[in-house]
Each structure stands twice: as C-alpha cells, then as structure tokens.
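In what follows, a structure is listed as structure tokens, so that the remarks can point back to it.
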Amino acid sequence: MNYLLRRAWWFAALWLLAAAAAHAHDASQSSTDIWLRPEGMEVDLTLSRVPSRSLADNPPPIPVTVDNFEARYHALLRKSADSLFAITLDGQPWPPTSVDVALSGETDLQFTLIYPRPAGGQFSITAAFIKRMEPGYVNVLSLNEGQKVLGTHIQKAADLTWKFDLSPPSNPASPNIPPAVSSASAHAPAAQPAKTASPDDRMIVLHLDPVLLTGLLVVIILLAIWLFRQKS
C-alpha cells in the first residue's frame, strides 16, 4: 500500500507540473493588464501563439514558433501592435508612444504598449483585435495601480469596449472605478454597487484552469489518505 501511495504522489506531482505548463493561455482567450504609473501607462496583452498570427497582415503560412519568431513574425506583429486596442480619453484618441512584442513563457506572446499617463476623464478601451479572432474569443482585462486592482472586465465580440471614469493622477487613492463594470453601466454613479457578473462571464472565469484545480484536488485527497494512515 505504501508503494502504491508513493506512486500516487509521484503521479500527482507530475499532474501539477503538467497543469502549470498548461496554464498558459488557450487559443480562445487572452489577458490584458493595464498598469497606471506616475510616468505613464503600460498595457500588456498576453495570448497564445496559436491565434497570434492572425493579428499580422499577410502572415507566413506557418505557425509562430520559437525558431521563426524573430525572423518571420516579430516585425509583422510589432507593426500591428498599435491597432490592437482603440483607447480614448473623453472621446479623444490616446495613441501609444511605443510598442513591442516578445515571446512569453512556453507557448505565449506578449504585446507591450506604452502610453502617456491619462489625466482624469472618461477612459475607454476597445479590444479591436478580437474582431480578427475566432468566434467565442474573450479578453480578460485588469486595471492596476501599484499593488491595487482597480477593476476587471471581460471583453468579447458582443462587448468590445470598457468605459469608466478615471481619477486624475494627482489623486490616485480615490479612483472612480467599480470592481467590475460593463460598457452598458459605464455612466452609472460611482456609489452604485459593481455589476454582478453574468452567468456566461462566471463560466468563463471558472473555466480558466480546470486541470490545475483537478490536480490540487488529487493532492488534497492523497494527503488525507496519508494522514489517516499515519494515525492508524
């Protein structure tokens, strides 16, 4: 029995390692972190390499790989980076000052876009790149300042734009941003409670890493068996 338990522990460890590797973005989802800083704003879009070639104009007929990224894809994807998002402040375009793209992790790409720090006003970010993706694609947005997450939003084909009122940089401690807001509720008073995520949105969030959750459950069960045997 001890032999079988040790083998089960090894299996669980390998499961978790595989889950960690698989925790990279799948082909139908990306994540975007917006970082508000005193000197500017950084937008980091991370997505799987699989659909990333569709963001380039006239891409090569081969997938993006570690070996061909620099020679075949870097320049093409970097050229498309400034059109990934349409950002406005009080209705005026807010273009990036610099863009870049690099390999990220084992299977992902990361676009990095640098913008001037927005002043106070209505901020709007539209994930234009989703129009190039397959149906059902989603982008999970997170707005951050320092160690605080100021808000999150899920963008999809039917809801490409996130709007909210942004506090001036001189008063970063009082952002007028609810924890989660849709474009339909963008003009709601700041005192209103955050919009509860729809069933579809909750399903997307809970579906992010089922393999990792299953592996953790296996470890918990095996730990319980081991503790029981130690006491008996």
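Here's how to read the names in the structure tokens: chain A, B, ... by the order shown, residue numbers from 1 in each chain, ligand numbers from 1 in the order shown.
Near range 67-79 of chain A, within a cut-off of 10 Å and counting only C-alpha atoms, sit the residues Arg49, Ser52, Arg53, Ser54, Leu55, Ala56, Asp57, Asn58, Pro59, Pro60, Ile62, Pro63, Val64, Thr65, Ala81, Asp82, Ser83, Val99, Asp100, Val101, Ala102, Leu103, Leu109, Phe111 and Thr112 of chain A, with same-chain residues fewer than 2 positions away left out.
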Where does DSSP see alpha helix (DSSP H) in range 7-178 of chain A, if you list the residues as a PyMOL selection string?
-> chain A and resi 7-22+49-52+74-80
Would you list, as number ranges by chain, the residues of range 124-173 of chain A that end up in strand (DSSP E or B) under DSSP run on this structure's backbone?
-> A: 124-127, 138-145, 148-156, 159, 161-166
Take the residues just selected and output them with N, CA and C atoms as a PDB file, in the first residue's frame.
```pdb
ATOM      1  N   SER A 124     -11.770  54.915 -22.183  1.00  0.00           N
ATOM      2  CA  SER A 124     -12.418  53.862 -22.972  1.00  0.00           C
ATOM      3  C   SER A 124     -11.344  53.031 -23.654  1.00  0.00           C
ATOM      4  N   ILE A 125     -11.466  51.718 -23.546  1.00  0.00           N
ATOM      5  CA  ILE A 125     -10.533  50.821 -24.229  1.00  0.00           C
ATOM      6  C   ILE A 125     -11.325  49.759 -24.976  1.00  0.00           C
ATOM      7  N   THR A 126     -11.116  49.693 -26.277  1.00  0.00           N
ATOM      8  CA  THR A 126     -11.814  48.743 -27.150  1.00  0.00           C
ATOM      9  C   THR A 126     -10.827  47.709 -27.670  1.00  0.00           C
ATOM     10  N   ALA A 127     -11.133  46.445 -27.470  1.00  0.00           N
ATOM     11  CA  ALA A 127     -10.262  45.352 -27.928  1.00  0.00           C
ATOM     12  C   ALA A 127     -10.539  45.067 -29.396  1.00  0.00           C
ATOM     13  N   VAL A 138     -12.351  35.598 -25.975  1.00  0.00           N
ATOM     14  CA  VAL A 138     -12.536  36.559 -24.885  1.00  0.00           C
ATOM     15  C   VAL A 138     -11.185  37.125 -24.455  1.00  0.00           C
ATOM     16  N   ASN A 139     -11.226  38.354 -23.944  1.00  0.00           N
ATOM     17  CA  ASN A 139     -10.050  39.018 -23.399  1.00  0.00           C
ATOM     18  C   ASN A 139     -10.392  39.491 -21.995  1.00  0.00           C
ATOM     19  N   VAL A 140      -9.613  39.024 -21.005  1.00  0.00           N
ATOM     20  CA  VAL A 140      -9.858  39.386 -19.610  1.00  0.00           C
ATOM     21  C   VAL A 140      -8.974  40.580 -19.262  1.00  0.00           C
ATOM     22  N   LEU A 141      -9.626  41.721 -18.986  1.00  0.00           N
ATOM     23  CA  LEU A 141      -8.926  42.970 -18.691  1.00  0.00           C
ATOM     24  C   LEU A 141      -8.775  43.166 -17.188  1.00  0.00           C
ATOM     25  N   SER A 142      -7.636  43.740 -16.787  1.00  0.00           N
ATOM     26  CA  SER A 142      -7.418  44.098 -15.388  1.00  0.00           C
ATOM     27  C   SER A 142      -6.745  45.464 -15.337  1.00  0.00           C
ATOM     28  N   LEU A 143      -7.313  46.382 -14.563  1.00  0.00           N
ATOM     29  CA  LEU A 143      -6.753  47.722 -14.393  1.00  0.00           C
ATOM     30  C   LEU A 143      -6.052  47.791 -13.048  1.00  0.00           C
ATOM     31  N   ASN A 144      -4.765  48.151 -13.065  1.00  0.00           N
ATOM     32  CA  ASN A 144      -3.949  48.097 -11.848  1.00  0.00           C
ATOM     33  C   ASN A 144      -3.241  49.421 -11.605  1.00  0.00           C
ATOM     34  N   GLU A 145      -3.062  49.743 -10.318  1.00  0.00           N
ATOM     35  CA  GLU A 145      -2.233  50.888  -9.925  1.00  0.00           C
ATOM     36  C   GLU A 145      -1.490  50.511  -8.657  1.00  0.00           C
ATOM     37  N   LYS A 148      -2.733  47.643  -6.248  1.00  0.00           N
ATOM     38  CA  LYS A 148      -4.193  47.555  -6.236  1.00  0.00           C
ATOM     39  C   LYS A 148      -4.746  47.176  -7.609  1.00  0.00           C
ATOM     40  N   VAL A 149      -5.721  46.291  -7.603  1.00  0.00           N
ATOM     41  CA  VAL A 149      -6.505  46.007  -8.802  1.00  0.00           C
ATOM     42  C   VAL A 149      -7.739  46.903  -8.736  1.00  0.00           C
ATOM     43  N   LEU A 150      -7.815  47.883  -9.634  1.00  0.00           N
ATOM     44  CA  LEU A 150      -8.889  48.869  -9.589  1.00  0.00           C
ATOM     45  C   LEU A 150     -10.164  48.376 -10.268  1.00  0.00           C
ATOM     46  N   GLY A 151     -10.047  47.436 -11.182  1.00  0.00           N
ATOM     47  CA  GLY A 151     -11.231  46.952 -11.873  1.00  0.00           C
ATOM     48  C   GLY A 151     -10.881  45.845 -12.848  1.00  0.00           C
ATOM     49  N   THR A 152     -11.879  45.041 -13.194  1.00  0.00           N
ATOM     50  CA  THR A 152     -11.708  43.972 -14.174  1.00  0.00           C
ATOM     51  C   THR A 152     -12.908  43.961 -15.115  1.00  0.00           C
ATOM     52  N   HIS A 153     -12.706  43.388 -16.275  1.00  0.00           N
ATOM     53  CA  HIS A 153     -13.780  43.334 -17.258  1.00  0.00           C
ATOM     54  C   HIS A 153     -13.464  42.237 -18.268  1.00  0.00           C
ATOM     55  N   ILE A 154     -14.487  41.586 -18.787  1.00  0.00           N
ATOM     56  CA  ILE A 154     -14.309  40.573 -19.821  1.00  0.00           C
ATOM     57  C   ILE A 154     -14.822  41.133 -21.141  1.00  0.00           C
ATOM     58  N   GLN A 155     -13.930  41.203 -22.120  1.00  0.00           N
ATOM     59  CA  GLN A 155     -14.295  41.698 -23.446  1.00  0.00           C
ATOM     60  C   GLN A 155     -14.526  40.519 -24.388  1.00  0.00           C
ATOM     61  N   LYS A 156     -15.559  40.643 -25.206  1.00  0.00           N
ATOM     62  CA  LYS A 156     -15.867  39.629 -26.210  1.00  0.00           C
ATOM     63  C   LYS A 156     -16.474  40.326 -27.415  1.00  0.00           C
ATOM     64  N   ASP A 159     -19.168  42.716 -26.797  1.00  0.00           N
ATOM     65  CA  ASP A 159     -18.879  43.737 -25.777  1.00  0.00           C
ATOM     66  C   ASP A 159     -17.389  44.069 -25.829  1.00  0.00           C
ATOM     67  N   THR A 161     -15.878  47.036 -25.741  1.00  0.00           N
ATOM     68  CA  THR A 161     -15.419  48.281 -25.130  1.00  0.00           C
ATOM     69  C   THR A 161     -15.687  48.317 -23.635  1.00  0.00           C
ATOM     70  N   TRP A 162     -14.682  48.764 -22.889  1.00  0.00           N
ATOM     71  CA  TRP A 162     -14.812  49.005 -21.442  1.00  0.00           C
ATOM     72  C   TRP A 162     -14.651  50.493 -21.210  1.00  0.00           C
ATOM     73  N   LYS A 163     -15.635  51.107 -20.544  1.00  0.00           N
ATOM     74  CA  LYS A 163     -15.590  52.535 -20.240  1.00  0.00           C
ATOM     75  C   LYS A 163     -15.727  52.744 -18.739  1.00  0.00           C
ATOM     76  N   PHE A 164     -15.001  53.737 -18.229  1.00  0.00           N
ATOM     77  CA  PHE A 164     -15.132  54.093 -16.823  1.00  0.00           C
ATOM     78  C   PHE A 164     -14.573  55.495 -16.622  1.00  0.00           C
ATOM     79  N   ASP A 165     -14.902  56.102 -15.489  1.00  0.00           N
ATOM     80  CA  ASP A 165     -14.375  57.411 -15.137  1.00  0.00           C
ATOM     81  C   ASP A 165     -13.059  57.237 -14.403  1.00  0.00           C
ATOM     82  N   LEU A 166     -12.016  57.877 -14.912  1.00  0.00           N
ATOM     83  CA  LEU A 166     -10.672  57.744 -14.357  1.00  0.00           C
ATOM     84  C   LEU A 166     -10.331  58.981 -13.550  1.00  0.00           C
TER      85      LEU A 166
END
```
Residue neighbourhood Leu45 in chain A, 8 Å, only C-alpha atoms, exclusion window fewer than 5 positions, as a CSV table (one decimal) with C-alpha atoms, in the first residue's frame:
```
chain,number,residue,atom,x,y,z
A,30,SER,CA,-6.2,36.3,-23.7
A,31,SER,CA,-5.4,38.6,-20.7
A,32,THR,CA,-4.6,42.3,-20.7
A,33,ASP,CA,-3.1,44.1,-17.7
A,110,GLN,CA,3.1,39.4,-25.0
A,111,PHE,CA,2.5,42.7,-26.6
A,112,THR,CA,3.7,45.7,-24.6
```
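For the pair CA of Ser167 in chain A and CA of Phe129 in chain A, the interatomic distance is 26.9 Å.
With only C-alpha atoms as the atoms that count, the minimum distance from Trp35 in chain A to the choices A:Leu84, A:Ile114, A:Leu89, A:Val66 is reached by A:Ile114.
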Residues at most 8 Å from Arg117 in chain A, counting only C-alpha atoms, excluding those fewer than 3 positions away in the same chain, as a PyMOL selection string?
-> chain A and resi 36-41+169
Go ahead and dump the residues you just picked, C-alpha atoms, as an mmCIF file, in the first residue's frame.
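Written file, part.cif:
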```cif
data_model
loop_
_atom_site.group_PDB
_atom_site.id
_atom_site.type_symbol
_atom_site.label_atom_id
_atom_site.label_comp_id
_atom_site.auth_asym_id
_atom_site.auth_seq_id
_atom_site.Cartn_x
_atom_site.Cartn_y
_atom_site.Cartn_z
ATOM 1 C CA LEU A 36 -1.249 53.087 -14.272
ATOM 2 C CA ARG A 37 2.041 54.671 -13.202
ATOM 3 C CA PRO A 38 3.055 58.270 -12.416
ATOM 4 C CA GLU A 39 5.251 58.409 -15.519
ATOM 5 C CA GLY A 40 2.861 56.696 -17.917
ATOM 6 C CA MET A 41 0.553 53.785 -18.619
ATOM 7 C CA PRO A 169 -3.084 61.185 -11.417
#
```
